[in-house]
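See below for the structure under consideration.
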Amino acid sequence: EHVGHTHINKVEALPLKTALEQSERLAGRIQESAEARPENRHSTARSLWKGYERIDFYVGGREGFIIVPTTPAAGKPWIWRTEFFDAFPSVDMAMLEQGWCIAYYRLSNMYGCPYAVQLMHRFQSYLVSVCQLAEKTVLFGFSRGGLYAINYSAAYPQ
């Protein structure tokens with residue numbers, strides 16, 4: 001609506017600026033609430049994924065995990081699946097065999113919005129500092145995961 005598009009069946013909505021302000025306040029409250037839950041504070045779970053160790057944890061109240069190769073390559077390189085983990089697993093398997101870690105952070109249905117990009121930066125910082133993975137990653141994004149990869153790369157080109 002803020003660009004002038006109208007439709008006879010449109011629902012009346014808040015002005016864009018007001019909606020964005022309310023959204024930001026709500027996102028902060030949701031994150032605080034999620035982080036306050038004991039199970040979301042630095043808890044980890046270990047399991048196997050196709051014979052490789054999988055480590056699940058929470059960052060900012062959201063699920064994340066890494067798949068660890070049997071023998072990590074020098075520098076601990078990693079691929080970040082921005083969406084649709086386990087699609088085309090042959091790629092992941094080949095990279096694991098080369099010593100690369102595979103990472104995923106559940107931001108489903110956020111479509112690479114600015115808040116998702118902020119959360120992604122927090123996730124990357126966590127993997128670098130806590131998991132000791134390489135500072136730079138390779139973003140693997142296709143379909144809507146491409147929105148995450150492109151928007152994150154634009155916000156953090158380094």
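Note on naming: chains are A, B, ... as they come in the structure tokens, residues start from 1 per chain, ligands start from 1 in the order shown.
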
Pick out the residues sitting within 8 Å of Thr137 (chain A), and hand them over as a PDB file with C-alpha atoms, in the first residue's frame; count only C-alpha atoms, and ignore anything fewer than 5 positions along from it in its own chain.
```
ATOM      1  CA  PRO A  77      36.132 -24.578   6.585  1.00  0.00           C
ATOM      2  CA  TRP A  78      32.352 -24.783   6.523  1.00  0.00           C
ATOM      3  CA  ILE A  79      29.358 -24.530   4.259  1.00  0.00           C
ATOM      4  CA  TRP A  80      26.293 -22.750   5.539  1.00  0.00           C
TER       5      TRP A  80
END
```

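Nearest residue to Ser23 (chain A) among A:Gly75, A:Gly99, A:Gly145, A:Pro114 is A:Pro114, counting only C-alpha atoms.
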
TODO: Calculate how many Å separate CA of Asn151 (chain A) from CA of Tyr126 (chain A), rounding to one decimal.
DONE: 19.3 Å

Task: DSSP strand (DSSP E) residues within region 4-77 of chain A, as a PyMOL selection string - done: chain A and resi 44-49+52-59+62-68

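Between Val59 (chain A) and the candidates A:Leu127, A:Ala73, A:Val11, A:Val117, the tightest atom-to-atom separation, counting only C-alpha atoms, involves A:Leu127.
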
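In terms of minimum interatomic distance to Ile150 (chain A), A:Cys113 ranks closest within A:Leu26, A:Leu119, A:Cys113, A:Ile67, counting only C-alpha atoms.
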
Task: For Arg106 (chain A): contacts at 9 Å, only C-alpha atoms, fewer than 3 positions along chain excluded, given as an NGL selection string - done: :A and (62-65 or 82-83)

Open item on the list: I want to know what sits within 12 Å of Ala87 (chain A), based on only C-alpha atoms, with residues of the same chain fewer than 4 positions away left out; could you give that as an NGL selection string?
Closed with: :A and (81-83 or 91-93 or 140-143 or 145)

Task: From A:Glu24, A:Ser129, A:Tyr148, A:Glu135, residue lying nearest Gly112 (chain A) [only C-alpha atoms] - done: A:Tyr148

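Atom pair CA of Ala134 (chain A) / CA of Lys76 (chain A) has a distance of 5.3 Å (rounded to one decimal).
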
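Every protein or nucleic acid residue with an atom no more than 12 Å from Leu48 (chain A), counting only C-alpha atoms and leaving out same-chain residues fewer than 5 positions away, appears here: Glu53, Arg54, Ile55, Asp56, Phe65, Ile66, Ile67, Val68, Pro69 and Thr70 of chain A.
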
Task: Distance criterion (only C-alpha atoms): nearest to Phe84 (chain A) out of A:Pro72, A:Gly146, A:Gly51, A:Pro157 - done: A:Gly146

Task: Nearest candidate to Tyr152 (chain A) (options A:Ser125, A:Ser90, A:Asn109, A:Gln118; using only C-alpha atoms) - done: A:Gln118

Task: DSSP alpha helix (DSSP H) residues within chain A, as a PyMOL selection string - done: chain A and resi 16-36+89-97+114-129+144-155

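Pairwise distance (CA of Thr6 (chain A), CA of Glu21 (chain A)) equals 22.8 Å.
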